[in-house]
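Listing of input34.txt; format and content: compact mmCIF, C-alpha atoms.
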```txt
# COMPACT_ATOMS: atom_id res chain seq x y z
CA MET U 1 28.79 13.32 17.87
CA SER U 2 26.12 15.37 16.10
CA VAL U 3 22.59 15.32 17.50
CA PHE U 4 21.34 15.43 13.92
CA PRO U 5 21.46 12.44 11.54
CA VAL U 6 24.52 12.98 9.34
CA ASN U 7 22.83 11.06 6.52
CA ARG U 8 20.12 13.75 6.39
CA ILE U 9 22.42 16.72 5.70
CA GLY U 10 22.23 17.95 2.11
CA MET U 11 21.96 20.98 -0.15
CA VAL U 12 19.75 22.68 -2.71
CA ALA U 13 21.14 21.73 -6.13
CA ARG U 14 20.08 23.83 -9.10
CA LEU U 15 20.03 22.77 -12.71
CA SER U 16 20.84 25.15 -15.53
CA ALA U 17 19.88 25.06 -19.19
CA GLY U 18 23.45 26.02 -19.99
CA LYS U 19 25.01 23.06 -18.17
CA SER U 20 24.75 19.31 -18.31
CA ALA U 21 22.95 17.68 -15.40
CA ALA U 22 26.24 16.07 -14.34
CA ASP U 23 27.97 19.46 -14.17
CA SER U 24 25.09 20.99 -12.22
CA LEU U 25 25.21 18.14 -9.71
CA ALA U 26 29.02 18.04 -9.46
CA PRO U 27 29.08 19.97 -6.14
CA VAL U 28 26.77 17.35 -4.61
CA LYS U 29 29.04 14.54 -5.76
CA ASN U 30 32.22 16.36 -4.68
CA LEU U 31 30.80 17.00 -1.21
CA SER U 32 29.53 13.39 -0.93
CA LEU U 33 26.16 14.63 0.28
CA PRO U 34 23.50 11.97 0.90
CA VAL U 35 20.39 14.06 0.17
CA ILE U 36 19.38 17.04 -1.99
CA GLN U 37 16.49 19.17 -3.10
CA LEU U 38 16.45 19.82 -6.84
CA GLY U 39 15.71 23.23 -8.33
CA GLY U 40 16.27 25.07 -11.58
CA ILE U 41 13.86 23.01 -13.67
CA TYR U 42 14.04 24.59 -17.12
CA ASP U 43 11.73 24.45 -20.15
CA ALA U 44 13.62 21.91 -22.25
CA LEU U 45 13.26 19.33 -19.45
CA LEU U 46 9.50 19.68 -19.56
CA PHE U 47 8.65 19.87 -23.26
CA GLY U 48 10.25 19.90 -26.71
CA GLU U 49 12.16 17.45 -28.84
CA LYS U 50 15.07 17.12 -26.40
CA SER U 51 13.04 16.62 -23.23
CA ALA U 52 13.16 12.81 -23.26
CA SER U 53 16.95 12.67 -23.63
CA LEU U 54 17.48 15.46 -21.08
CA ARG U 55 15.31 13.63 -18.55
CA GLN U 56 17.31 10.45 -19.08
CA GLU U 57 20.51 12.45 -18.62
CA LEU U 58 19.15 13.95 -15.39
CA ALA U 59 18.08 10.57 -14.00
CA LEU U 60 21.55 9.16 -14.71
CA ALA U 61 23.30 12.18 -13.17
CA LEU U 62 21.20 11.88 -10.01
CA LYS U 63 22.10 8.21 -9.75
CA GLU U 64 25.80 8.89 -10.28
CA CYS U 65 25.99 11.75 -7.78
CA GLY U 66 24.91 9.31 -5.08
CA ALA U 67 22.36 11.56 -3.34
CA GLU U 68 18.68 10.90 -2.77
CA CYS U 69 16.48 13.63 -4.20
CA LEU U 70 13.98 14.49 -1.47
CA ALA U 71 12.05 17.20 -3.30
CA VAL U 72 11.77 18.92 -6.67
CA TRP U 73 11.14 22.66 -6.70
CA LEU U 74 8.42 24.23 -8.79
CA THR U 75 10.52 26.73 -10.71
CA PHE U 76 9.05 29.54 -12.77
CA PRO U 77 10.81 31.93 -15.15
CA GLY U 78 10.55 35.64 -14.53
CA GLN U 79 10.36 35.64 -10.74
CA GLU U 80 11.72 38.82 -9.14
CA TRP U 81 12.53 38.49 -5.46
CA SER U 82 11.66 41.94 -4.20
CA VAL U 83 8.90 43.45 -2.10
CA GLU U 84 8.00 45.74 -5.00
CA LYS U 85 7.85 43.25 -7.88
CA GLY U 86 7.42 39.98 -6.01
CA PRO U 87 3.61 40.10 -5.71
CA ASP U 88 3.27 40.16 -9.52
CA THR U 89 6.03 37.66 -10.35
CA VAL U 90 6.62 35.11 -7.57
CA GLY U 91 5.00 31.72 -7.28
CA LEU U 92 1.47 30.60 -8.10
CA VAL U 93 -0.38 33.59 -6.71
CA PRO U 94 -0.11 36.12 -9.60
CA GLU U 95 -3.46 35.90 -11.44
CA LYS U 96 -2.10 36.78 -14.89
CA LEU U 97 0.46 33.97 -14.70
CA ARG U 98 -1.47 31.39 -12.68
CA THR U 99 -2.93 29.21 -15.45
CA GLN U 100 0.45 28.87 -17.17
CA ARG U 101 2.21 28.19 -13.88
CA MET U 102 -0.33 25.62 -12.73
CA LEU U 103 0.20 23.75 -16.00
CA ARG U 104 3.96 24.02 -15.56
CA SER U 105 3.62 22.72 -12.01
CA CYS U 106 1.77 19.65 -13.29
CA MET U 107 4.59 19.07 -15.79
CA ILE U 108 7.18 19.34 -13.02
CA ALA U 109 5.12 16.93 -10.92
CA ASP U 110 5.30 14.46 -13.83
CA LEU U 111 9.07 14.89 -14.03
CA ALA U 112 9.41 14.38 -10.28
CA LEU U 113 7.37 11.18 -10.48
CA GLU U 114 9.63 9.89 -13.27
CA LEU U 115 12.59 10.53 -10.97
CA GLY U 116 10.88 8.69 -8.11
CA VAL U 117 10.31 11.88 -6.09
CA LYS U 118 6.98 12.36 -4.32
CA THR U 119 7.59 15.74 -2.73
CA LEU U 120 7.36 19.10 -4.48
CA ALA U 121 8.27 22.46 -2.95
CA VAL U 122 7.32 25.99 -3.90
CA HIS U 123 7.46 29.65 -3.02
CA ILE U 124 3.70 30.11 -3.17
CA GLY U 125 4.01 33.88 -3.59
CA PHE U 126 2.52 36.85 -1.78
CA LEU U 127 -0.92 35.74 -0.59
CA PRO U 128 -3.90 38.06 -1.13
CA GLN U 129 -5.84 39.40 1.85
CA PRO U 130 -7.72 36.51 3.54
CA ASP U 131 -11.12 38.22 3.27
CA SER U 132 -10.77 38.94 -0.45
CA GLU U 133 -12.34 37.21 -3.45
CA SER U 134 -8.83 36.68 -4.85
CA TYR U 135 -7.85 34.70 -1.74
CA ALA U 136 -10.90 32.45 -1.98
CA GLN U 137 -10.34 31.86 -5.70
CA PHE U 138 -6.67 31.04 -5.23
CA ALA U 139 -7.43 28.65 -2.35
CA ASP U 140 -9.98 26.88 -4.56
CA GLU U 141 -7.46 26.47 -7.39
CA MET U 142 -4.87 25.19 -4.95
CA ARG U 143 -7.29 22.53 -3.69
CA TYR U 144 -7.60 21.21 -7.25
CA PHE U 145 -3.83 21.13 -7.64
CA LEU U 146 -3.38 19.36 -4.31
CA ALA U 147 -6.05 16.82 -5.33
CA PHE U 148 -4.11 16.22 -8.55
CA LEU U 149 -0.96 15.56 -6.49
CA ALA U 150 -2.76 13.42 -3.93
CA ALA U 151 -4.05 11.10 -6.67
CA ARG U 152 -0.39 10.39 -7.48
CA ASP U 153 0.66 10.09 -3.82
CA GLN U 154 2.59 13.38 -4.02
CA GLU U 155 2.75 16.22 -1.51
CA LEU U 156 3.50 19.94 -1.68
CA LEU U 157 5.68 21.90 0.73
CA LEU U 158 5.22 25.66 1.06
CA GLU U 159 8.43 27.62 1.62
CA THR U 160 8.39 30.17 4.40
CA GLY U 161 9.23 33.76 3.56
CA GLN U 162 6.63 36.12 2.21
CA GLU U 163 4.03 35.42 4.91
CA SER U 164 4.07 35.22 8.68
CA ALA U 165 3.56 31.88 10.41
CA ASP U 166 -0.01 32.85 11.33
CA GLU U 167 -0.82 33.73 7.71
CA LEU U 168 0.58 30.41 6.45
CA LEU U 169 -1.36 28.47 9.07
CA GLU U 170 -4.57 30.23 8.08
CA PHE U 171 -3.98 29.40 4.42
CA ILE U 172 -3.17 25.75 5.14
CA SER U 173 -6.32 25.51 7.23
CA ALA U 174 -8.37 26.97 4.37
CA LEU U 175 -7.04 24.31 1.98
CA SER U 176 -8.13 21.35 4.16
CA ALA U 177 -5.68 18.98 2.45
CA ASP U 178 -3.59 16.17 3.93
CA ASN U 179 -0.76 16.41 1.41
CA ILE U 180 0.53 19.88 2.27
CA GLY U 181 3.36 20.84 4.59
CA ILE U 182 6.07 23.39 5.25
CA ASN U 183 9.63 23.69 4.02
CA PHE U 184 10.93 25.87 6.85
CA ASP U 185 13.48 28.47 5.80
CA PRO U 186 14.42 30.74 8.73
CA ALA U 187 16.47 33.13 6.59
CA ASN U 188 13.57 34.06 4.32
CA LEU U 189 11.59 35.29 7.30
CA VAL U 190 14.50 37.63 8.05
CA ILE U 191 14.95 38.65 4.41
CA TYR U 192 11.29 39.69 4.07
CA ASN U 193 11.01 40.82 7.71
CA THR U 194 7.78 38.83 8.09
CA ASP U 195 8.35 36.90 11.31
CA GLN U 196 10.86 35.85 13.95
CA PRO U 197 12.36 32.47 12.94
CA LEU U 198 12.16 30.78 16.35
CA ALA U 199 8.62 31.98 17.07
CA ALA U 200 7.53 30.92 13.57
CA LEU U 201 9.11 27.48 14.02
CA ASP U 202 7.11 26.98 17.22
CA LYS U 203 3.85 27.65 15.39
CA LEU U 204 4.59 25.80 12.16
CA MET U 205 6.36 22.74 13.57
CA PRO U 206 3.37 20.37 13.16
CA PHE U 207 3.57 21.00 9.41
CA VAL U 208 7.38 21.14 9.00
CA ARG U 209 8.58 18.36 6.69
CA CYS U 210 11.98 19.78 5.76
CA VAL U 211 14.29 22.54 7.00
CA HIS U 212 16.64 24.87 5.15
CA ILE U 213 19.87 25.70 6.90
CA LYS U 214 20.29 29.27 5.78
CA ASP U 215 20.99 32.68 7.27
CA ALA U 216 20.39 36.33 6.40
CA VAL U 217 20.50 39.91 7.58
CA ALA U 218 17.33 41.98 7.73
CA PRO U 219 16.40 44.80 5.30
CA GLU U 220 18.09 48.11 5.95
CA LYS U 221 14.89 50.05 5.30
CA PRO U 222 11.15 49.33 4.87
CA GLY U 223 10.02 48.12 1.46
CA THR U 224 13.31 46.37 0.69
CA THR U 225 14.62 42.85 1.21
CA GLY U 226 17.47 41.63 3.36
CA LYS U 227 20.52 39.69 2.23
CA GLU U 228 21.35 35.99 2.45
CA VAL U 229 24.68 35.18 4.14
CA ARG U 230 26.59 32.13 5.27
CA PHE U 231 24.91 30.24 8.09
CA GLY U 232 26.04 31.66 11.41
CA LEU U 233 26.84 35.15 10.12
CA GLY U 234 23.30 36.56 10.03
CA GLU U 235 20.34 37.24 12.29
CA VAL U 236 18.77 33.78 12.38
CA ASN U 237 20.90 32.93 15.46
CA ALA U 238 22.34 29.64 14.27
CA ASP U 239 22.91 28.06 17.68
CA ALA U 240 19.44 28.95 18.93
CA PHE U 241 17.86 27.66 15.72
CA LEU U 242 19.69 24.33 15.82
CA GLY U 243 18.92 24.12 19.52
CA ALA U 244 15.21 24.62 18.84
CA LEU U 245 15.25 21.84 16.25
CA LYS U 246 16.96 19.58 18.79
CA GLU U 247 14.41 20.42 21.48
CA LYS U 248 11.59 19.62 19.09
CA ASN U 249 13.22 16.26 18.24
CA TYR U 250 13.44 17.15 14.57
CA THR U 251 15.02 14.26 12.66
CA GLY U 252 14.20 15.28 9.10
CA ALA U 253 16.55 16.61 6.46
CA LEU U 254 18.70 19.68 6.97
CA ILE U 255 19.11 21.18 3.51
CA ILE U 256 21.83 23.81 3.23
CA GLU U 257 20.96 26.63 0.85
CA ARG U 258 23.77 29.01 -0.06
CA GLU U 259 22.65 31.27 -2.88
CA ILE U 260 26.02 31.85 -4.50
CA SER U 261 28.08 29.62 -6.78
CA GLY U 262 31.63 28.46 -7.32
CA ALA U 263 34.40 27.84 -4.83
CA GLU U 264 32.97 30.17 -2.18
CA GLN U 265 29.68 28.28 -2.17
CA ILE U 266 31.47 24.96 -1.63
CA GLU U 267 33.61 26.44 1.13
CA ASP U 268 30.56 27.90 2.88
CA ILE U 269 28.63 24.63 2.61
CA ASN U 270 31.57 22.72 4.11
CA LEU U 271 31.74 25.23 6.97
CA THR U 272 28.00 24.87 7.55
CA ILE U 273 28.24 21.07 7.58
CA ALA U 274 30.92 21.39 10.26
CA VAL U 275 28.67 23.66 12.34
CA ILE U 276 25.85 21.09 12.20
CA LYS U 277 28.12 18.14 12.99
CA ASP U 278 29.77 19.97 15.88
CA PHE U 279 26.50 21.11 17.43
```
Now, as a test, write the supplied structure out as structure tokens.
Amino acid sequence: MSVFPVNRIGMVARLSAGKSAADSLAPVKNLSLPVIQLGGIYDALLFGEKSASLRQELALALKECGAECLAVWLTFPGQEWSVEKGPDTVGLVPEKLRTQRMLRSCMIADLALELGVKTLAVHIGFLPQPDSESYAQFADEMRYFLAFLAARDQELLLETGQESADELLEFISALSADNIGINFDPANLVIYNTDQPLAALDKLMPFVRCVHIKDAVAPEKPGTTGKEVRFGLGEVNADAFLGALKEKNYTGALIIEREISGAEQIEDINLTIAVIKDF
């Protein structure tokens, strides 16, 4: 018998402007998963003449797939997941994109509320240096956004990856907000070579609200990113990671993220579910 609640095992499901919501959520329904995180929020869902009908279609598809949506991801067009281009394109940090992305985030928060979801998640981006004016300004803007969410009883989870555990803790402390937490992704720490997953989990555990079950191999050379792989085949150390969650009495959701599509993705998710259940 698994030490983890089977009804808390799920996946990241991504919408696509080129697919119906039902087609995008078909893998969730086919795998009979009880919980999901929802990503891939595209423009037409947020504004335009078709947004109302598309939202209704999404709400119906979520109901029919049978899974509870635990969080909606703040998704932004134009993000490039590299060490070189990431600082200017990823998340809410980039100054030139921040106003637009803050507005978009508020729109996504509205959509999430319509769907009955009170948790949002985000790759915040590459944080500026803590002693810089940019850092202070960004922290101030984030406090306003968190206040906006708090007034609606919503919370925001920061995804691990671009920063070390210590850097994330310092930023969370600077925000002084009750409605912020961590979506812990061990693989991203390997991909960006920012921290050791088990050591980071120890430090961040008081803020961990959700966990990604994901694996990766480290970058081959400095200034590059690593590669995501099926859980158990990378450098996260799957058994040690699941063991650490057990030792810490983690009973939250285990959200499998496999960043490929098609039959191989389904096969890998099934294999990962078996690993969790057999642990």
- Query: Could you pull the residues within 6 Å of Met11 of chain U, counting all atoms listed in the file, minus those fewer than 4 positions along the same chain, as a list of chain:residue names?
  - Reply: U:Ile36, U:Ile255, U:Ile256, U:Glu257
- Task: For segment 103-110 of chain U, list every protein, DNA or RNA residue within 9 Å, evaluated using only C-alpha atoms, and leave out those in the same chain fewer than 2 positions away; present the list as a VMD selection string.
- Result: chain U and resid 41 45 to 47 72 to 76 98 to 101 112 to 115 117 to 120 145 148 to 149 154
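With all atoms listed in the file taken into account, the protein and nucleic acid residues at most 9 Å from segment 188-197 of chain U (excluding it and anything under 6 positions from it in its own chain) are Ser82, Val83, Glu159, Thr160, Gly161, Gln162, Glu163, Ser164, Ala165, Lys214, Asp215, Ala216, Val217, Ala218, Pro219, Pro222, Gly223, Thr224, Thr225, Gly226, Lys227, Glu228, Glu235, Val236, Asn237 and Phe241 of chain U.
With only C-alpha atoms as the atoms that count, the residue of U:Glu247, U:Asp239, U:Glu155, U:Glu80 with the shortest distance to Phe207 of chain U is U:Glu155.
Using all atoms listed in the file for every distance, the candidate list U:Ala147, U:Leu60, U:Leu245, U:Met142 yields U:Leu245 as the residue closest to Phe184 of chain U.
The gap separating atom CA of Asp185 of chain U from atom CA of His212 of chain U is 4.8 Å, in Å to one decimal.
Each of U:Leu169, U:Ala121, U:Ile180, U:Val93 was checked against Ala136 of chain U using all atoms listed in the file; the smallest atom-to-atom distance is that of U:Val93.
Shortest separation to Ser24 of chain U among U:Ala61, U:Ala174, U:Ala44, U:Val275 occurs at residue U:Ala61, atoms counted being only C-alpha atoms.
If you measure from each of U:Ala17, U:Val6, U:Leu168, U:Ile124 to Asp278 of chain U using all atoms listed in the file, the closest one turns out to be U:Val6.
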- Kindly indicate which residue among U:Ala240, U:Ala67, U:Ala187, U:Val211 lies nearest to Leu31 of chain U, using all atoms listed in the file for the distances. U:Ala67
- Message: Need to verify the contact set: segment 260-262 of chain U, 10 Å, all atoms listed in the file, exclusion of same-chain residues closer than 3 positions in sequence. Can you return it as a VMD selection string?
- Response: chain U and resid 27 228 to 230 257 265 to 268
Taking the partial coordinates given, rebuild segment 238-251 of chain U to contain N, CA, C and O atoms; return it as a PDB file, in the frame of the given file.
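As written to disk, part.pdb reads:
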```
ATOM      1  N   ALA U 238      22.124  31.032  14.660  1.00  0.00           N
ATOM      2  CA  ALA U 238      22.340  29.640  14.270  1.00  0.00           C
ATOM      3  C   ALA U 238      22.250  28.675  15.441  1.00  0.00           C
ATOM      4  O   ALA U 238      21.572  27.640  15.360  1.00  0.00           O
ATOM      5  N   ASP U 239      22.922  28.977  16.536  1.00  0.00           N
ATOM      6  CA  ASP U 239      22.910  28.060  17.680  1.00  0.00           C
ATOM      7  C   ASP U 239      21.512  27.897  18.259  1.00  0.00           C
ATOM      8  O   ASP U 239      21.086  26.784  18.598  1.00  0.00           O
ATOM      9  N   ALA U 240      20.796  29.010  18.380  1.00  0.00           N
ATOM     10  CA  ALA U 240      19.440  28.950  18.930  1.00  0.00           C
ATOM     11  C   ALA U 240      18.516  28.173  17.991  1.00  0.00           C
ATOM     12  O   ALA U 240      17.648  27.412  18.456  1.00  0.00           O
ATOM     13  N   PHE U 241      18.707  28.356  16.689  1.00  0.00           N
ATOM     14  CA  PHE U 241      17.860  27.660  15.720  1.00  0.00           C
ATOM     15  C   PHE U 241      18.117  26.157  15.763  1.00  0.00           C
ATOM     16  O   PHE U 241      17.172  25.354  15.837  1.00  0.00           O
ATOM     17  N   LEU U 242      19.376  25.759  15.731  1.00  0.00           N
ATOM     18  CA  LEU U 242      19.690  24.330  15.820  1.00  0.00           C
ATOM     19  C   LEU U 242      19.234  23.766  17.159  1.00  0.00           C
ATOM     20  O   LEU U 242      18.746  22.627  17.234  1.00  0.00           O
ATOM     21  N   GLY U 243      19.374  24.555  18.213  1.00  0.00           N
ATOM     22  CA  GLY U 243      18.920  24.120  19.520  1.00  0.00           C
ATOM     23  C   GLY U 243      17.414  23.896  19.563  1.00  0.00           C
ATOM     24  O   GLY U 243      16.924  22.935  20.176  1.00  0.00           O
ATOM     25  N   ALA U 244      16.672  24.774  18.882  1.00  0.00           N
ATOM     26  CA  ALA U 244      15.210  24.620  18.840  1.00  0.00           C
ATOM     27  C   ALA U 244      14.819  23.357  18.090  1.00  0.00           C
ATOM     28  O   ALA U 244      13.894  22.641  18.495  1.00  0.00           O
ATOM     29  N   LEU U 245      15.522  23.068  16.984  1.00  0.00           N
ATOM     30  CA  LEU U 245      15.250  21.840  16.250  1.00  0.00           C
ATOM     31  C   LEU U 245      15.538  20.612  17.113  1.00  0.00           C
ATOM     32  O   LEU U 245      14.788  19.629  17.099  1.00  0.00           O
ATOM     33  N   LYS U 246      16.612  20.679  17.882  1.00  0.00           N
ATOM     34  CA  LYS U 246      16.960  19.580  18.790  1.00  0.00           C
ATOM     35  C   LYS U 246      15.862  19.390  19.835  1.00  0.00           C
ATOM     36  O   LYS U 246      15.424  18.268  20.096  1.00  0.00           O
ATOM     37  N   GLU U 247      15.444  20.487  20.442  1.00  0.00           N
ATOM     38  CA  GLU U 247      14.410  20.420  21.480  1.00  0.00           C
ATOM     39  C   GLU U 247      13.104  19.850  20.956  1.00  0.00           C
ATOM     40  O   GLU U 247      12.361  19.181  21.688  1.00  0.00           O
ATOM     41  N   LYS U 248      12.831  20.110  19.688  1.00  0.00           N
ATOM     42  CA  LYS U 248      11.590  19.620  19.090  1.00  0.00           C
ATOM     43  C   LYS U 248      11.756  18.223  18.499  1.00  0.00           C
ATOM     44  O   LYS U 248      10.852  17.712  17.822  1.00  0.00           O
ATOM     45  N   ASN U 249      12.931  17.618  18.722  1.00  0.00           N
ATOM     46  CA  ASN U 249      13.220  16.260  18.240  1.00  0.00           C
ATOM     47  C   ASN U 249      13.070  16.137  16.730  1.00  0.00           C
ATOM     48  O   ASN U 249      12.590  15.121  16.211  1.00  0.00           O
ATOM     49  N   TYR U 250      13.499  17.186  16.030  1.00  0.00           N
ATOM     50  CA  TYR U 250      13.440  17.150  14.570  1.00  0.00           C
ATOM     51  C   TYR U 250      14.501  16.198  14.038  1.00  0.00           C
ATOM     52  O   TYR U 250      15.695  16.337  14.350  1.00  0.00           O
ATOM     53  N   THR U 251      14.081  15.239  13.227  1.00  0.00           N
ATOM     54  CA  THR U 251      15.020  14.260  12.660  1.00  0.00           C
ATOM     55  C   THR U 251      14.947  14.227  11.138  1.00  0.00           C
ATOM     56  O   THR U 251      15.470  13.308  10.511  1.00  0.00           O
TER      57      THR U 251
END
```
